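Structure first, commentary second.
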Amino acid sequence: MDKIKLKQRIKLSLAISILIIILAIVIFRIVSYGVQGEDEMPFELSKITVVSTAEGISNEDKEERWNLNINQNNDIYISLKKNEKFSDAKIKNIVIEDINISNNSNIGNICTYMPNSTGERIITNSEETKFEESLTYRGASQTDYKNLEIGNQGGTILFRVSNNNVAQYISNDDEEIRHDGTLIGKTDVKYEDLKFNVQFNLIISMKDKSYKGTINLEMPCGDIVTQGTCNIEKTDFSDVIFKRI
């Protein structure tokens, strides 16, 4: 009788031990996923390129030679490449959403813009191209900014984050001006006054699954006041965690 009870206790102890190990593995995977996110996705970030500059917009009915409102523009190019392990995968759409601005000096008015559907310039700061809540690129045979399409086997999307009316330049000088960041240098606004952070969610969707990650970028990407135009290329995405949604 004692031997039977002993065997039962041993079996119960083994069962409890196995259950604890299984629970520990599950908890570890959940915690690990929360920290590291997806190990592999059908489509992954390959690079983000940011081009920062400025431009002057002429005021109507001006009396001076130069009477300009200055916009500080940041064009963001996000490139995706296909993971060849997922040979049948196709991009359904790419979404930019939940844009949040922080550490702004409260100079100007920050807005987001999509590419033009018409016109020679890819992006302009207009009411027709402004978006607020989200921006969607549809998967297509090839990338086409103007039609908000990205190649379904990988490609690049583009949008702009602008700080409008950061300064005003008024002058009767006969000298020509450059429509870039050096125009801000002719005013009292400094490079430190222009800095802000932009955070947004990037959703990569296929037919049967979607992944979401959060991206943080500092704007402008360099000292445009002295350099005029700056650009950076980000290829390290260890700070971007994608999860299934």
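Please note that chains go A, B, ... in the order of the structure tokens, that every chain numbers its residues from 1, and that ligands are numbered from 1 in the order shown.
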I'd like a table as CSV: residues in stretch 16-117 of chain A with an atom no more than 7 Å from stretch 149-160 of chain A, each row giving the shortest atom pair and its distance in Å to one decimal, only C-alpha atoms counted, sorted by chain and rising residue number.
residue,atom,partner,partner_atom,distance
A:Asn73,CA,A:Arg160,CA,6.9
A:Asn74,CA,A:Arg160,CA,5.5
A:Asp75,CA,A:Arg160,CA,4.4
A:Ile76,CA,A:Phe159,CA,5.5
A:Tyr77,CA,A:Leu158,CA,4.6
A:Ile78,CA,A:Ile157,CA,5.3
A:Ser79,CA,A:Thr156,CA,4.2
A:Leu80,CA,A:Gly154,CA,5.3
A:Lys81,CA,A:Gly154,CA,4.9
A:Lys82,CA,A:Gly154,CA,5.7
A:Lys90,CA,A:Asn152,CA,5.0
A:Ile91,CA,A:Asn152,CA,4.4
A:Lys92,CA,A:Asn152,CA,6.8
A:Thr112,CA,A:Arg160,CA,5.5
A:Tyr113,CA,A:Arg160,CA,5.0
A:Met114,CA,A:Phe159,CA,5.0
A:Pro115,CA,A:Phe159,CA,6.6
Checklist entry - Could you name the residues that touch A:Met219 at 7 Å or less, counting only C-alpha atoms, but leaving out those on the same chain fewer than 4 positions away, as a list in words? => result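 So the residues in contact are Lys195, Phe196 and Asn197 of chain A.
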Please produce a file of the residues just selected, as a short mmCIF file (atom, residue, chain, number, x, y, z; two decimals), in the first residue's frame, where the atoms kept are N, CA and C atoms.
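Result file is selection-v3.cif:
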data_model
loop_
_atom_site.label_atom_id
_atom_site.label_comp_id
_atom_site.auth_asym_id
_atom_site.auth_seq_id
_atom_site.Cartn_x
_atom_site.Cartn_y
_atom_site.Cartn_z
N LYS A 195 14.26 71.87 -33.47
CA LYS A 195 14.26 70.44 -33.16
C LYS A 195 12.93 69.94 -32.60
N PHE A 196 12.54 68.76 -33.05
CA PHE A 196 11.40 68.05 -32.46
C PHE A 196 11.52 66.58 -32.80
N ASN A 197 10.79 65.75 -32.08
CA ASN A 197 10.76 64.31 -32.34
C ASN A 197 9.41 63.91 -32.93
#
Next on the checklist: For a test of reading the model, state the distance in Å between atom CA of A:Ser105 and atom CA of A:Pro220, rounded to one decimal.
Outcome noted: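 One can read the atom CA of A:Ser105 to atom CA of A:Pro220 distance as 12.8 Å.
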Per-residue nearest contacts stretch 164-192 of chain A to stretch 56-61 of chain A, cut-off 10 Å, using only C-alpha atoms, as a Markdown table:
| residue | atom | partner | partner_atom | distance |
| --- | --- | --- | --- | --- |
| A:Asn164 | CA | A:Ile57 | CA | 9.9 |
| A:Asn165 | CA | A:Ile57 | CA | 9.0 |
| A:Ala167 | CA | A:Gly56 | CA | 9.3 |
| A:Gln168 | CA | A:Gly56 | CA | 8.4 |
| A:Tyr169 | CA | A:Gly56 | CA | 8.1 |
| A:Ile170 | CA | A:Asn59 | CA | 10.0 |
| A:Ile177 | CA | A:Gly56 | CA | 9.5 |
| A:Arg178 | CA | A:Gly56 | CA | 8.9 |
| A:His179 | CA | A:Gly56 | CA | 6.0 |
| A:Asp180 | CA | A:Gly56 | CA | 7.9 |
| A:Gly181 | CA | A:Gly56 | CA | 9.5 |
| A:Leu183 | CA | A:Gly56 | CA | 7.6 |
| A:Ile184 | CA | A:Gly56 | CA | 9.1 |
Item to check | Atomic separation - atom CA of A:Lys62 relative to atom CA of A:Gly185, Å | outcome: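 Atom-to-atom, atom CA of A:Gly185 to atom CA of A:Lys62, that is 21.4 Å.
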Selection: 8 Å around A:Asn125, only C-alpha atoms, excl. self and same-chain fewer than 2 positions, as a PDB file with N, CA, C and O atoms, in the first residue's frame:
ATOM      1  N   TYR A 113       2.226  65.514 -44.778  1.00  0.00           N
ATOM      2  CA  TYR A 113       1.757  65.576 -46.163  1.00  0.00           C
ATOM      3  C   TYR A 113       2.097  64.297 -46.909  1.00  0.00           C
ATOM      4  O   TYR A 113       3.120  63.662 -46.661  1.00  0.00           O
ATOM      5  N   ILE A 123       6.095  66.269 -53.645  1.00  0.00           N
ATOM      6  CA  ILE A 123       5.323  66.665 -52.458  1.00  0.00           C
ATOM      7  C   ILE A 123       5.293  68.182 -52.368  1.00  0.00           C
ATOM      8  O   ILE A 123       6.313  68.850 -52.591  1.00  0.00           O
ATOM      9  N   GLU A 127      -3.218  72.016 -48.799  1.00  0.00           N
ATOM     10  CA  GLU A 127      -4.361  71.427 -48.112  1.00  0.00           C
ATOM     11  C   GLU A 127      -4.782  70.115 -48.759  1.00  0.00           C
ATOM     12  O   GLU A 127      -5.273  69.210 -48.088  1.00  0.00           O
ATOM     13  N   THR A 129      -2.862  67.820 -50.022  1.00  0.00           N
ATOM     14  CA  THR A 129      -1.964  66.707 -49.725  1.00  0.00           C
ATOM     15  C   THR A 129      -1.790  66.475 -48.217  1.00  0.00           C
ATOM     16  O   THR A 129      -1.094  65.551 -47.816  1.00  0.00           O
ATOM     17  N   LYS A 130      -2.432  67.283 -47.405  1.00  0.00           N
ATOM     18  CA  LYS A 130      -2.296  67.133 -45.950  1.00  0.00           C
ATOM     19  C   LYS A 130      -3.086  65.918 -45.464  1.00  0.00           C
ATOM     20  O   LYS A 130      -4.175  65.637 -45.939  1.00  0.00           O
ATOM     21  N   SER A 162       6.345  68.526 -41.883  1.00  0.00           N
ATOM     22  CA  SER A 162       6.797  69.908 -42.037  1.00  0.00           C
ATOM     23  C   SER A 162       6.440  70.751 -40.830  1.00  0.00           C
ATOM     24  O   SER A 162       5.374  70.583 -40.240  1.00  0.00           O
TER      25      SER A 162
END
Checklist entry - With only C-alpha atoms as the atoms that count, which of A:Asn163, A:Thr118, A:Asn103, A:Ser171 lies nearest to A:Glu55? => result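 Ranked by minimum distance to A:Glu55, first place goes to A:Asn163.
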Checklist entry - Mind checking DSSP for stretch 52-236 of chain A and telling me the strand (DSSP E) residues as number ranges by chain? => result A: 52-58, 66-82, 93-102, 109-113, 130-131, 134-140, 149-151, 155-171, 196-205, 210-219, 230-234
Item to check | Residue nearest A:Gly139 among A:Met206, A:Ile101, A:Ala15, A:Ile96 (counting only C-alpha atoms) | outcome: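 Smallest separation from A:Gly139 among the options: A:Met206.
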Item to check | Which of A:Val225, A:Val240, A:Ile245, A:Ile204 sits closest to A:Pro42 [using only C-alpha atoms] | outcome: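 Ranking A:Val225, A:Val240, A:Ile245, A:Ile204 by distance to A:Pro42, first place goes to A:Ile204.
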Which of stretch 148-228 of chain A fall in alpha helix (DSSP H), as a PDB file with N, CA and C atoms, in the first residue's frame:
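out_34.pdb, freshly written:
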ATOM      1  N   TYR A 191      19.005  76.763 -34.877  1.00  0.00           N
ATOM      2  CA  TYR A 191      18.815  75.337 -35.140  1.00  0.00           C
ATOM      3  C   TYR A 191      18.159  74.634 -33.954  1.00  0.00           C
ATOM      4  N   GLU A 192      18.559  74.992 -32.739  1.00  0.00           N
ATOM      5  CA  GLU A 192      17.998  74.369 -31.532  1.00  0.00           C
ATOM      6  C   GLU A 192      16.495  74.621 -31.412  1.00  0.00           C
ATOM      7  N   ASP A 193      16.038  75.761 -31.965  1.00  0.00           N
ATOM      8  CA  ASP A 193      14.605  76.086 -31.905  1.00  0.00           C
ATOM      9  C   ASP A 193      13.773  75.188 -32.820  1.00  0.00           C
ATOM     10  N   LEU A 194      14.422  74.595 -33.818  1.00  0.00           N
ATOM     11  CA  LEU A 194      13.706  73.819 -34.831  1.00  0.00           C
ATOM     12  C   LEU A 194      13.501  72.363 -34.442  1.00  0.00           C
ATOM     13  N   ILE A 224      20.453  72.271 -40.553  1.00  0.00           N
ATOM     14  CA  ILE A 224      20.125  72.835 -41.866  1.00  0.00           C
ATOM     15  C   ILE A 224      20.375  74.335 -41.921  1.00  0.00           C
ATOM     16  N   VAL A 225      20.432  75.001 -40.767  1.00  0.00           N
ATOM     17  CA  VAL A 225      20.637  76.455 -40.739  1.00  0.00           C
ATOM     18  C   VAL A 225      21.984  76.810 -41.347  1.00  0.00           C
ATOM     19  N   THR A 226      22.997  75.990 -41.118  1.00  0.00           N
ATOM     20  CA  THR A 226      24.324  76.254 -41.682  1.00  0.00           C
ATOM     21  C   THR A 226      24.587  75.435 -42.944  1.00  0.00           C
ATOM     22  N   GLN A 227      24.008  74.241 -43.031  1.00  0.00           N
ATOM     23  CA  GLN A 227      24.290  73.367 -44.168  1.00  0.00           C
ATOM     24  C   GLN A 227      23.273  73.490 -45.300  1.00  0.00           C
TER      25      GLN A 227
END
Checklist entry - Hey, can you check how far atom CA of A:Val198 sits from atom CA of A:Ser126? => result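 Interatomic distance here is 20.1 Å.
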